[in-house]
Amino acid sequence: MYRYDEFDQTLINERAEQFRRQSARRLDGDINEDQFKPLRLMNGLYLQLHAYMLRVNVPYGCLSAHQLRRLAHIARRYDKGFGHFTTRQNIQFNWISLTDTPDIMTELAEVDMNTIQSSGNCVRNITADHYAGRARDEIEDPRVWCELLRQYSVLHPEFSYLPRKFKLALTGSPHDRAAVAVHDIGLRLHHDNQGRPGFEVIVGGGQGRTPVIGKTIRQWIEPRHVISYVEAILRVYNLYGRRDNIFKARIKILVNAIGIDKFRKLVDTEWEQIRDTGLQVSNTEFERINAHFLPPDYENLADQGDELAAKRTREPAFDAWMRSNVTGHKVPGYAIVNISLKAPGRIPGDISADKMEHVAALADQFSFGELRVNHRQNLTFVDVRQIDLYLLWEQLVALELATANIGLASDIIACPGLDYCALANARSIPIAQDISLHFANSGKLQQVGNLTINISGCMNACGHHHVGNIGILGVNKRGKEYFQLTLGGSADEHASLGIRLGRGLPRAEVPGAIERIVDTYLTIRQATETFLQTYRRIGIEPFREAVYGPVNVSRRVA
Amino acid sequence: MAKILIANRLTDGLVVFYAVDGNWVESIATGQMTFDDAAADRLLAAGLADEHSNRVIDPRLIDVTKTAGKLIPAVLREAIRAHGPTIAVDRTL
Amino acid sequence: MPLTNSHQNIIDPYIKIGPDDSLPAEGALLVTLAVWQDHWERLMRRQELIGVQLTSDEHPEIISDDIDQLDLIALEFPTFRDGRAYSYARLIRERYGFTGELRAVGDVLLEQLHYMERVGFNSFEVLSNDPATDFEIAANDFTVWYQTSGDQRRTATMLRQGKKNHG
């Protein structure tokens, strides 16, 4: 993974010292909250319901065991002993003191981490496929480009006061695990018809109150031009994005208002002017960064066929875990292992300092000391020897971290919701807990198979409800929490937005409604259809009827 | 309805309540309750003065009810601020 | 409003002229776009310093043909959140080739001076008793930059290369 050199380190240290001075001015009363707020937000420090919350970037989801230990230390020393992984591959601490924040930034800088631009109307943490560099279906590892774009966007003097926040996601695989279609810019590496790798550039996707699937602005662009192309998009957006209405300020609104063709023309005209300037990525710089992403020292191993199969037959729990949490690796004899942070009844994405340290030790022992944070709020070891899988599983079981539910119905995305977040209208976490416990008790988890349930506590959609196969949106009606269900959302290469099922339900009715939806699917599915495939074949009506009753009975759609 | 003055403390961001002695306290139980508009206005004025002098952020009056001897803000959001997340904060997770 | 260039506090030699003001016969003038357009011929004939001030809704392309005639271009920040003038500044410097005074006016905050300088501003109206000292502090927050942005600073990439070349 990328390690800071003296120049990166100097910049990050200087940023921490700058914030030390800024927060001192605030604490001394030299500046008021209105003046300070944009400064702290640009450093990821929010004021939430209970205290300050600090959001730490995990760049494109890559984390070392050493860094994870530092996060554990921060959780323990400066917070209540745990952290929360988010859908943007970040980690949040919920009870941070302003007076401690400069020290935390310094402690992060010591392990090549920072909080820069994890909030504010600027380019946010760049996210990526959590299997980057390891996936069997991958065309090329996108992480070098992630790092180049990270450096390009950090403290960019022209683009630090954009109309609104700006999110980039990258993938190097045909199967999209990074939800690139619902980002301000999505970059997808693929081959052109001559077999040359390049980026498809998707623009104007996003969730929030106006969910939009992004549109392809350019089918293929040579990677060395990707930064100049991103700059052209950012400049057009900075100049023409709306600034009169915060709800209409994202780039998706601009792209929709003028149309993708006109937007493309503006971008291409701008790009022609800058493509051959210093923004072109030189071979030297590419190679310097690429050296950080070279494969680890893999042993020459064969895939473990019979031996694993025998263990799986002997141990059904191991078999279930292998089926849902473990996936193929591009190198023979190795596997990718997902660690679920979604045990039934637990808080999605939360992890204690103790467990962080245990996971760090396991990463050292089993996966070259590195791990990934993925956008579904789980952790991933990307380089596990297949001969170690059983031993790793046993250790994860002992830590209660071997929940076999990756991609299944209890692997629920949930934003912090009204339990923590100042923007939320309703709670998200208790709904996730209700549903995951419900599935744990029903025993239907494996039978139902792949199903994503995503929960947001307000229309800002941090819980990605628009792209959940089942989406749940918390709303506040006359002071009471209600939950609106959407069906048919998907965040992969065939991205789609969920359709609203009907009127909002009180919390107590949500698990029952989910159960009726799932039972309907089990009844009408054909052969090996997933929930999403069945939904796409048959439409929303049978599910609507299952939840709200037959159409001829008066059915109010709120 | 009875009112109480809530804010976040500047230094650590914690939720605090205005107490009779003019200090800000972390427990709603020791916050100063008011029952009439004039007293509420005076309370808010004191809070705004403390915001101006950079002790607290966003002081505001909230409605509270007393249930089984416990002060509960009428609005769920403020109740969660006063009493913490409604979910168990499980540190062994 | 107190004014600084990137070295010292300066006295503004320009008289600001809006649409309702009459044009003085003498003196350095900083005029709005409307005044510039309405009195273009007359203003072009003057021998004294002349500048145009643009709001953030006014794209500088409108004056790009006149750029060689101008001594000053002032760009307004109606609020610090409105970042359009950062892009305008780069276009004015890098695309239209303006070499004169590029001034930031409006809601110009201490923390932004550094970004402003990097995109090509070289004078700043700041609500401060001593804007030059403020600028000095703000401009020294960082010694490393990742991006090329039209100023002469060497980026981290260039510094790495230089280090390599010189051993």
# chains A, B, ... in the order shown; residues from 1 in each chain; ligands from 1

call {"tool": "closest_atom_pairs", "arguments": {"of": "chain B", "to": "chain A", "cutoff": "8 Å", "atoms": "only C-alpha atoms", "output": "JSON lines"}}
result
{"residue": "B:Asn8", "atom": "CA", "partner": "A:Ala51", "partner_atom": "CA", "distance": 7.1}
{"residue": "B:Leu10", "atom": "CA", "partner": "A:Leu98", "partner_atom": "CA", "distance": 7.6}
{"residue": "B:Thr11", "atom": "CA", "partner": "A:Leu98", "partner_atom": "CA", "distance": 5.5}
{"residue": "B:Asp12", "atom": "CA", "partner": "A:Ser97", "partner_atom": "CA", "distance": 3.8}
{"residue": "B:Gly13", "atom": "CA", "partner": "A:Ala51", "partner_atom": "CA", "distance": 4.2}
{"residue": "B:Leu14", "atom": "CA", "partner": "A:Ala51", "partner_atom": "CA", "distance": 4.5}
{"residue": "B:Val15", "atom": "CA", "partner": "A:His50", "partner_atom": "CA", "distance": 5.7}
{"residue": "B:His52", "atom": "CA", "partner": "A:Asn32", "partner_atom": "CA", "distance": 8.0}
{"residue": "B:Ser53", "atom": "CA", "partner": "A:Gly29", "partner_atom": "CA", "distance": 7.2}
{"residue": "B:Asn54", "atom": "CA", "partner": "A:Gly29", "partner_atom": "CA", "distance": 5.9}
{"residue": "B:Ile57", "atom": "CA", "partner": "A:Glu33", "partner_atom": "CA", "distance": 7.4}
{"residue": "B:Val75", "atom": "CA", "partner": "A:Gly479", "partner_atom": "CA", "distance": 7.0}
{"residue": "B:Leu76", "atom": "CA", "partner": "A:Gly479", "partner_atom": "CA", "distance": 7.6}
{"residue": "B:Arg77", "atom": "CA", "partner": "A:Leu418", "partner_atom": "CA", "distance": 6.8}
{"residue": "B:Ile80", "atom": "CA", "partner": "A:Asp419", "partner_atom": "CA", "distance": 6.5}
{"residue": "B:Arg81", "atom": "CA", "partner": "A:Leu49", "partner_atom": "CA", "distance": 5.6}
{"residue": "B:Gly84", "atom": "CA", "partner": "A:His50", "partner_atom": "CA", "distance": 7.0}
{"residue": "B:Pro85", "atom": "CA", "partner": "A:Asp419", "partner_atom": "CA", "distance": 4.6}
{"residue": "B:Thr86", "atom": "CA", "partner": "A:Asp419", "partner_atom": "CA", "distance": 6.2}
{"residue": "B:Ile87", "atom": "CA", "partner": "A:Pro430", "partner_atom": "CA", "distance": 6.7}
{"residue": "B:Arg91", "atom": "CA", "partner": "A:Ser352", "partner_atom": "CA", "distance": 5.5}
{"residue": "B:Thr92", "atom": "CA", "partner": "A:Ser352", "partner_atom": "CA", "distance": 6.0}
{"residue": "B:Leu93", "atom": "CA", "partner": "A:Ser352", "partner_atom": "CA", "distance": 5.5}

call {"tool": "write_last_selection", "arguments": {"atoms": "N, CA and C atoms", "output": "PDB file, in the first residue's frame"}}
result
ATOM      1  N   ASN B   8     -24.332  22.455  23.207  1.00  0.00           N
ATOM      2  CA  ASN B   8     -23.115  21.645  23.218  1.00  0.00           C
ATOM      3  C   ASN B   8     -21.984  22.510  23.765  1.00  0.00           C
ATOM      4  N   LEU B  10     -18.389  24.025  24.025  1.00  0.00           N
ATOM      5  CA  LEU B  10     -17.402  24.294  22.972  1.00  0.00           C
ATOM      6  C   LEU B  10     -16.206  23.348  23.037  1.00  0.00           C
ATOM      7  N   THR B  11     -15.654  23.148  24.217  1.00  0.00           N
ATOM      8  CA  THR B  11     -14.370  22.445  24.308  1.00  0.00           C
ATOM      9  C   THR B  11     -14.452  20.979  23.898  1.00  0.00           C
ATOM     10  N   ASP B  12     -15.474  20.264  24.408  1.00  0.00           N
ATOM     11  CA  ASP B  12     -15.541  18.830  24.094  1.00  0.00           C
ATOM     12  C   ASP B  12     -16.784  18.449  23.304  1.00  0.00           C
ATOM     13  N   GLY B  13     -17.664  19.418  23.044  1.00  0.00           N
ATOM     14  CA  GLY B  13     -18.849  19.150  22.234  1.00  0.00           C
ATOM     15  C   GLY B  13     -19.962  18.433  22.971  1.00  0.00           C
ATOM     16  N   LEU B  14     -19.734  18.055  24.236  1.00  0.00           N
ATOM     17  CA  LEU B  14     -20.752  17.273  24.947  1.00  0.00           C
ATOM     18  C   LEU B  14     -22.038  18.073  25.151  1.00  0.00           C
ATOM     19  N   VAL B  15     -23.145  17.343  25.194  1.00  0.00           N
ATOM     20  CA  VAL B  15     -24.449  17.961  25.438  1.00  0.00           C
ATOM     21  C   VAL B  15     -24.495  18.445  26.879  1.00  0.00           C
ATOM     22  N   HIS B  52     -22.074  33.631  22.881  1.00  0.00           N
ATOM     23  CA  HIS B  52     -21.281  34.774  22.437  1.00  0.00           C
ATOM     24  C   HIS B  52     -19.894  34.769  23.074  1.00  0.00           C
ATOM     25  N   SER B  53     -19.832  34.317  24.329  1.00  0.00           N
ATOM     26  CA  SER B  53     -18.526  34.293  24.994  1.00  0.00           C
ATOM     27  C   SER B  53     -17.817  32.952  24.782  1.00  0.00           C
ATOM     28  N   ASN B  54     -18.282  32.191  23.802  1.00  0.00           N
ATOM     29  CA  ASN B  54     -17.596  30.969  23.359  1.00  0.00           C
ATOM     30  C   ASN B  54     -17.488  29.885  24.428  1.00  0.00           C
ATOM     31  N   ILE B  57     -22.228  26.061  22.171  1.00  0.00           N
ATOM     32  CA  ILE B  57     -22.674  26.209  20.794  1.00  0.00           C
ATOM     33  C   ILE B  57     -24.165  25.895  20.734  1.00  0.00           C
ATOM     34  N   VAL B  75     -39.315  15.950  22.287  1.00  0.00           N
ATOM     35  CA  VAL B  75     -38.968  15.536  20.922  1.00  0.00           C
ATOM     36  C   VAL B  75     -37.892  14.453  21.003  1.00  0.00           C
ATOM     37  N   LEU B  76     -38.072  13.385  20.204  1.00  0.00           N
ATOM     38  CA  LEU B  76     -37.161  12.237  20.262  1.00  0.00           C
ATOM     39  C   LEU B  76     -35.697  12.642  20.074  1.00  0.00           C
ATOM     40  N   ARG B  77     -35.461  13.516  19.110  1.00  0.00           N
ATOM     41  CA  ARG B  77     -34.089  13.950  18.835  1.00  0.00           C
ATOM     42  C   ARG B  77     -33.420  14.513  20.097  1.00  0.00           C
ATOM     43  N   ILE B  80     -32.775  11.841  22.719  1.00  0.00           N
ATOM     44  CA  ILE B  80     -31.554  11.082  22.408  1.00  0.00           C
ATOM     45  C   ILE B  80     -30.312  11.899  22.774  1.00  0.00           C
ATOM     46  N   ARG B  81     -30.373  13.195  22.538  1.00  0.00           N
ATOM     47  CA  ARG B  81     -29.239  14.038  22.951  1.00  0.00           C
ATOM     48  C   ARG B  81     -29.067  14.000  24.472  1.00  0.00           C
ATOM     49  N   GLY B  84     -28.486   9.911  25.449  1.00  0.00           N
ATOM     50  CA  GLY B  84     -27.554   9.074  24.695  1.00  0.00           C
ATOM     51  C   GLY B  84     -28.262   8.202  23.666  1.00  0.00           C
ATOM     52  N   PRO B  85     -27.484   7.494  22.851  1.00  0.00           N
ATOM     53  CA  PRO B  85     -28.070   6.619  21.836  1.00  0.00           C
ATOM     54  C   PRO B  85     -29.036   5.624  22.469  1.00  0.00           C
ATOM     55  N   THR B  86     -30.084   5.259  21.737  1.00  0.00           N
ATOM     56  CA  THR B  86     -31.090   4.344  22.277  1.00  0.00           C
ATOM     57  C   THR B  86     -30.619   2.902  22.182  1.00  0.00           C
ATOM     58  N   ILE B  87     -29.513   2.702  21.467  1.00  0.00           N
ATOM     59  CA  ILE B  87     -28.979   1.357  21.321  1.00  0.00           C
ATOM     60  C   ILE B  87     -27.904   1.160  22.376  1.00  0.00           C
ATOM     61  N   ARG B  91     -19.246  -2.219  24.015  1.00  0.00           N
ATOM     62  CA  ARG B  91     -17.805  -2.022  23.815  1.00  0.00           C
ATOM     63  C   ARG B  91     -17.055  -3.326  23.612  1.00  0.00           C
ATOM     64  N   THR B  92     -17.751  -4.432  23.741  1.00  0.00           N
ATOM     65  CA  THR B  92     -17.044  -5.694  23.526  1.00  0.00           C
ATOM     66  C   THR B  92     -17.205  -6.177  22.089  1.00  0.00           C
ATOM     67  N   LEU B  93     -17.980  -5.428  21.325  1.00  0.00           N
ATOM     68  CA  LEU B  93     -18.309  -5.883  19.967  1.00  0.00           C
ATOM     69  C   LEU B  93     -17.058  -6.233  19.177  1.00  0.00           C
TER      70      LEU B  93
END

call {"tool": "residues_around", "arguments": {"residues": "stretch 63-72 of chain B", "least_positions_apart": "5", "cutoff": "7 Å", "atoms": "only C-alpha atoms", "output": "NGL selection string"}}
result
:B and (1-4 or 28-29 or 79)

call {"tool": "closest_atom_pairs", "arguments": {"of": "chain C", "to": "chain A", "cutoff": "10 Å", "atoms": "only C-alpha atoms", "output": "CSV"}}
result
residue,atom,partner,partner_atom,distance
C:Ser56,CA,A:Leu239,CA,9.1
C:Asp57,CA,A:Leu239,CA,9.0
C:His59,CA,A:Leu239,CA,8.6
C:Phe80,CA,A:Tyr161,CA,8.0
C:Arg81,CA,A:Tyr161,CA,5.7
C:Asp82,CA,A:Tyr161,CA,6.4
C:Gly83,CA,A:Tyr161,CA,4.6
C:Arg84,CA,A:Leu239,CA,5.4
C:Ala85,CA,A:Leu239,CA,8.4
C:Tyr86,CA,A:Glu158,CA,5.0
C:Ser87,CA,A:Glu158,CA,5.9
C:Tyr88,CA,A:Leu239,CA,8.2
C:Ala89,CA,A:Glu158,CA,8.9
C:Arg90,CA,A:Glu158,CA,8.1
C:Arg95,CA,A:Gln273,CA,8.6
C:Leu109,CA,A:Gln35,CA,9.0
C:Glu111,CA,A:Leu39,CA,8.2
C:Gln112,CA,A:Pro157,CA,8.8
C:Leu113,CA,A:Pro157,CA,10.0
C:His114,CA,A:Pro157,CA,8.0
C:Tyr115,CA,A:Pro157,CA,4.5
C:Met116,CA,A:Pro157,CA,7.0
C:Glu117,CA,A:Pro157,CA,8.7
C:Arg118,CA,A:Pro157,CA,6.4
C:Val119,CA,A:Pro157,CA,6.5
C:Ala138,CA,A:Gln18,CA,9.1
C:Asn140,CA,A:Glu14,CA,9.5
C:Asp141,CA,A:Gln18,CA,6.2
C:Phe142,CA,A:Glu14,CA,5.9
C:Thr143,CA,A:Leu11,CA,7.1
C:Val144,CA,A:Leu11,CA,5.5
C:Trp145,CA,A:Leu11,CA,7.3
C:Tyr146,CA,A:Gln151,CA,6.0
C:Gln147,CA,A:Tyr152,CA,5.9
C:Thr148,CA,A:Gly278,CA,7.1
C:Ser149,CA,A:Pro157,CA,7.6
C:Thr155,CA,A:Phe7,CA,9.5
C:Ala156,CA,A:Phe7,CA,6.1
C:Thr157,CA,A:Glu285,CA,7.3
C:Met158,CA,A:Glu285,CA,9.8
C:Leu159,CA,A:Phe7,CA,8.2
C:Arg160,CA,A:Phe7,CA,7.9
C:Gln161,CA,A:Thr284,CA,8.7

call {"tool": "residues_around", "arguments": {"residues": "A:Gln395", "least_positions_apart": "3", "cutoff": "12 Å", "atoms": "only C-alpha atoms", "output": "MDAnalysis selection string"}}
result
chainID A and resid 318 339 355 358:359 361:363 365:366 388:392 398:402

call {"tool": "write_last_selection", "arguments": {"atoms": "N, CA and C atoms", "output": "PDB file, in the first residue's frame"}}
result
ATOM      1  N   PHE A 318     -18.258 -23.931   9.090  1.00  0.00           N
ATOM      2  CA  PHE A 318     -17.120 -23.515   8.257  1.00  0.00           C
ATOM      3  C   PHE A 318     -17.545 -23.440   6.797  1.00  0.00           C
ATOM      4  N   ILE A 339     -14.618 -10.199   6.605  1.00  0.00           N
ATOM      5  CA  ILE A 339     -14.968 -10.295   8.022  1.00  0.00           C
ATOM      6  C   ILE A 339     -16.208  -9.450   8.237  1.00  0.00           C
ATOM      7  N   LYS A 355     -11.269  -5.437  19.473  1.00  0.00           N
ATOM      8  CA  LYS A 355     -11.417  -6.243  18.247  1.00  0.00           C
ATOM      9  C   LYS A 355     -10.540  -5.693  17.126  1.00  0.00           C
ATOM     10  N   HIS A 358      -7.290  -7.247  17.693  1.00  0.00           N
ATOM     11  CA  HIS A 358      -7.298  -8.665  17.314  1.00  0.00           C
ATOM     12  C   HIS A 358      -7.258  -8.816  15.788  1.00  0.00           C
ATOM     13  N   VAL A 359      -8.055  -8.006  15.100  1.00  0.00           N
ATOM     14  CA  VAL A 359      -8.092  -8.081  13.638  1.00  0.00           C
ATOM     15  C   VAL A 359      -6.720  -7.702  13.062  1.00  0.00           C
ATOM     16  N   ALA A 361      -3.861  -8.165  14.476  1.00  0.00           N
ATOM     17  CA  ALA A 361      -2.964  -9.308  14.700  1.00  0.00           C
ATOM     18  C   ALA A 361      -3.227 -10.401  13.660  1.00  0.00           C
ATOM     19  N   LEU A 362      -4.507 -10.648  13.363  1.00  0.00           N
ATOM     20  CA  LEU A 362      -4.842 -11.651  12.351  1.00  0.00           C
ATOM     21  C   LEU A 362      -4.352 -11.229  10.968  1.00  0.00           C
ATOM     22  N   ALA A 363      -4.448  -9.931  10.675  1.00  0.00           N
ATOM     23  CA  ALA A 363      -3.953  -9.439   9.382  1.00  0.00           C
ATOM     24  C   ALA A 363      -2.453  -9.675   9.267  1.00  0.00           C
ATOM     25  N   GLN A 365      -0.803 -12.015  10.833  1.00  0.00           N
ATOM     26  CA  GLN A 365      -0.555 -13.448  10.765  1.00  0.00           C
ATOM     27  C   GLN A 365      -0.962 -14.046   9.422  1.00  0.00           C
ATOM     28  N   PHE A 366      -2.064 -13.565   8.861  1.00  0.00           N
ATOM     29  CA  PHE A 366      -2.652 -14.263   7.715  1.00  0.00           C
ATOM     30  C   PHE A 366      -2.691 -13.490   6.401  1.00  0.00           C
ATOM     31  N   ASP A 388      -4.573 -21.739   5.143  1.00  0.00           N
ATOM     32  CA  ASP A 388      -4.795 -21.114   6.459  1.00  0.00           C
ATOM     33  C   ASP A 388      -6.269 -20.825   6.740  1.00  0.00           C
ATOM     34  N   LEU A 389      -7.123 -21.078   5.765  1.00  0.00           N
ATOM     35  CA  LEU A 389      -8.517 -20.637   5.913  1.00  0.00           C
ATOM     36  C   LEU A 389      -9.195 -21.212   7.163  1.00  0.00           C
ATOM     37  N   TYR A 390      -8.963 -22.494   7.404  1.00  0.00           N
ATOM     38  CA  TYR A 390      -9.643 -23.120   8.539  1.00  0.00           C
ATOM     39  C   TYR A 390      -9.155 -22.537   9.865  1.00  0.00           C
ATOM     40  N   LEU A 391      -7.849 -22.357   9.938  1.00  0.00           N
ATOM     41  CA  LEU A 391      -7.256 -21.795  11.157  1.00  0.00           C
ATOM     42  C   LEU A 391      -7.748 -20.353  11.379  1.00  0.00           C
ATOM     43  N   LEU A 392      -7.780 -19.572  10.310  1.00  0.00           N
ATOM     44  CA  LEU A 392      -8.277 -18.199  10.415  1.00  0.00           C
ATOM     45  C   LEU A 392      -9.733 -18.202  10.873  1.00  0.00           C
ATOM     46  N   ALA A 398     -13.622 -17.572  17.532  1.00  0.00           N
ATOM     47  CA  ALA A 398     -13.304 -17.275  18.932  1.00  0.00           C
ATOM     48  C   ALA A 398     -13.523 -15.794  19.245  1.00  0.00           C
ATOM     49  N   LEU A 399     -13.344 -14.947  18.231  1.00  0.00           N
ATOM     50  CA  LEU A 399     -13.517 -13.500  18.427  1.00  0.00           C
ATOM     51  C   LEU A 399     -14.946 -13.047  18.128  1.00  0.00           C
ATOM     52  N   GLU A 400     -15.816 -13.982  17.804  1.00  0.00           N
ATOM     53  CA  GLU A 400     -17.188 -13.658  17.370  1.00  0.00           C
ATOM     54  C   GLU A 400     -17.174 -12.758  16.139  1.00  0.00           C
ATOM     55  N   LEU A 401     -16.241 -13.031  15.246  1.00  0.00           N
ATOM     56  CA  LEU A 401     -16.139 -12.245  14.005  1.00  0.00           C
ATOM     57  C   LEU A 401     -16.299 -13.145  12.776  1.00  0.00           C
ATOM     58  N   ALA A 402     -16.915 -14.306  12.971  1.00  0.00           N
ATOM     59  CA  ALA A 402     -17.024 -15.247  11.852  1.00  0.00           C
ATOM     60  C   ALA A 402     -18.460 -15.361  11.337  1.00  0.00           C
TER      61      ALA A 402
END

call {"tool": "residues_around", "arguments": {"residues": "stretch 491-494 of chain A", "least_positions_apart": "4", "cutoff": "6 Å", "atoms": "only C-alpha atoms", "output": "PyMOL selection string"}}
result
chain A and resi 175-176+179+467

call {"tool": "select_by_dssp", "arguments": {"residues": "stretch 220-408 of chain A", "states": "strand (DSSP E or B)", "output": "list in words"}}
result
Trp220, Ile221, Val326, Thr327, Gly328, Tyr334, Ala335, Ile336, Val337, Asn338, Ile339, Asp350, Ile351, Ser352, Glu370, Leu371, Arg372, Val373, Leu379, Thr380, Phe381, Val382, Asp383, Val384, Arg385 and Leu408 of chain A

call {"tool": "write_last_selection", "arguments": {"atoms": "N, CA, C and O atoms", "output": "tab-separated table (two decimals), in the first residue's frame"}}
result
chain	number	residue	atom	x	y	z
A	220	TRP	N	-14.02	5.76	-23.13
A	220	TRP	CA	-12.66	5.25	-22.90
A	220	TRP	C	-11.70	6.43	-22.92
A	220	TRP	O	-11.76	7.28	-23.81
A	221	ILE	N	-10.86	6.50	-21.94
A	221	ILE	CA	-9.83	7.54	-21.92
A	221	ILE	C	-8.54	6.92	-21.43
A	221	ILE	O	-8.54	6.09	-20.50
A	326	VAL	N	-15.96	-16.01	1.77
A	326	VAL	CA	-14.66	-16.24	1.11
A	326	VAL	C	-14.86	-16.27	-0.39
A	326	VAL	O	-15.83	-16.84	-0.89
A	327	THR	N	-13.94	-15.63	-1.10
A	327	THR	CA	-14.08	-15.60	-2.55
A	327	THR	C	-12.71	-15.80	-3.21
A	327	THR	O	-11.67	-15.75	-2.55
A	328	GLY	N	-12.76	-16.05	-4.51
A	328	GLY	CA	-11.55	-16.43	-5.25
A	328	GLY	C	-10.54	-15.31	-5.36
A	328	GLY	O	-10.86	-14.12	-5.28
A	334	TYR	N	-4.46	-18.87	-2.94
A	334	TYR	CA	-4.84	-17.77	-2.04
A	334	TYR	C	-6.35	-17.51	-2.12
A	334	TYR	O	-7.03	-17.96	-3.06
A	335	ALA	N	-6.86	-16.80	-1.15
A	335	ALA	CA	-8.29	-16.49	-1.12
A	335	ALA	C	-8.50	-15.09	-0.53
A	335	ALA	O	-7.62	-14.56	0.16
A	336	ILE	N	-9.64	-14.51	-0.84
A	336	ILE	CA	-10.07	-13.24	-0.25
A	336	ILE	C	-11.11	-13.56	0.84
A	336	ILE	O	-12.05	-14.31	0.59
A	337	VAL	N	-10.89	-13.02	2.03
A	337	VAL	CA	-11.77	-13.34	3.16
A	337	VAL	C	-12.43	-12.08	3.69
A	337	VAL	O	-11.75	-11.09	4.00
A	338	ASN	N	-13.75	-12.11	3.76
A	338	ASN	CA	-14.48	-10.97	4.34
A	338	ASN	C	-14.82	-11.23	5.80
A	338	ASN	O	-15.24	-12.33	6.16
A	339	ILE	N	-14.62	-10.20	6.60
A	339	ILE	CA	-14.97	-10.29	8.02
A	339	ILE	C	-16.21	-9.45	8.24
A	339	ILE	O	-16.18	-8.23	8.07
A	350	ASP	N	-19.84	-1.07	13.43
A	350	ASP	CA	-19.16	-0.74	14.69
A	350	ASP	C	-18.13	-1.82	15.05
A	350	ASP	O	-18.37	-3.01	14.83
A	351	ILE	N	-17.02	-1.39	15.60
A	351	ILE	CA	-16.01	-2.34	16.06
A	351	ILE	C	-15.28	-1.74	17.26
A	351	ILE	O	-14.96	-0.55	17.27
A	352	SER	N	-15.05	-2.58	18.26
A	352	SER	CA	-14.39	-2.09	19.48
A	352	SER	C	-12.88	-2.01	19.27
A	352	SER	O	-12.33	-2.64	18.37
A	370	GLU	N	-2.06	-6.36	5.99
A	370	GLU	CA	-2.94	-5.33	5.40
A	370	GLU	C	-4.37	-5.83	5.37
A	370	GLU	O	-4.63	-7.03	5.41
A	371	LEU	N	-5.29	-4.88	5.29
A	371	LEU	CA	-6.69	-5.23	5.14
A	371	LEU	C	-7.40	-4.13	4.37
A	371	LEU	O	-6.81	-3.11	4.03
A	372	ARG	N	-8.65	-4.37	4.09
A	372	ARG	CA	-9.46	-3.37	3.38
A	372	ARG	C	-10.74	-3.11	4.17
A	372	ARG	O	-11.27	-4.00	4.81
A	373	VAL	N	-11.20	-1.87	4.03
A	373	VAL	CA	-12.52	-1.51	4.56
A	373	VAL	C	-13.43	-1.46	3.34
A	373	VAL	O	-13.07	-0.83	2.34
A	379	LEU	N	-14.96	-5.68	6.84
A	379	LEU	CA	-13.52	-5.67	6.60
A	379	LEU	C	-13.15	-6.85	5.70
A	379	LEU	O	-13.87	-7.84	5.64
A	380	THR	N	-12.02	-6.70	5.01
A	380	THR	CA	-11.62	-7.74	4.07
A	380	THR	C	-10.11	-8.01	4.19
A	380	THR	O	-9.33	-7.06	4.23
A	381	PHE	N	-9.76	-9.29	4.30
A	381	PHE	CA	-8.36	-9.71	4.16
A	381	PHE	C	-8.21	-10.18	2.71
A	381	PHE	O	-8.90	-11.11	2.30
A	382	VAL	N	-7.30	-9.58	1.98
A	382	VAL	CA	-7.27	-9.90	0.55
A	382	VAL	C	-6.19	-10.92	0.16
A	382	VAL	O	-6.12	-11.31	-1.00
A	383	ASP	N	-5.36	-11.37	1.09
A	383	ASP	CA	-4.26	-12.27	0.72
A	383	ASP	C	-4.10	-13.42	1.69
A	383	ASP	O	-3.04	-13.58	2.31
A	384	VAL	N	-5.12	-14.23	1.82
A	384	VAL	CA	-5.05	-15.33	2.78
A	384	VAL	C	-4.71	-16.64	2.05
A	384	VAL	O	-5.33	-16.97	1.03
A	385	ARG	N	-3.70	-17.37	2.56
A	385	ARG	CA	-3.39	-18.67	1.98
A	385	ARG	C	-4.57	-19.62	2.22
A	385	ARG	O	-5.11	-19.67	3.34
A	408	LEU	N	-25.64	-11.56	2.29
A	408	LEU	CA	-26.96	-12.12	2.65
A	408	LEU	C	-27.80	-11.07	3.37
A	408	LEU	O	-27.32	-9.97	3.69

call {"tool": "residues_around", "arguments": {"residues": "A:Leu445", "least_positions_apart": "5", "cutoff": "10 Å", "atoms": "only C-alpha atoms", "output": "list in words"}}
result
Ala404, Asn405, Leu408, Ala409, Ser410, Ser436, His438, Phe439, Ala440, Asn450 and Leu451 of chain A

call {"tool": "atom_distance", "arguments": {"atom1": "atom CA of A:Phe199", "atom2": "atom CA of A:Thr87"}}
result
23.4 Å

call {"tool": "residues_around", "arguments": {"residues": "stretch 100-102 of chain C", "least_positions_apart": "5", "cutoff": "7 Å", "atoms": "only C-alpha atoms", "output": "MDAnalysis selection string"}}
result
chainID C and resid 71:74 121:123
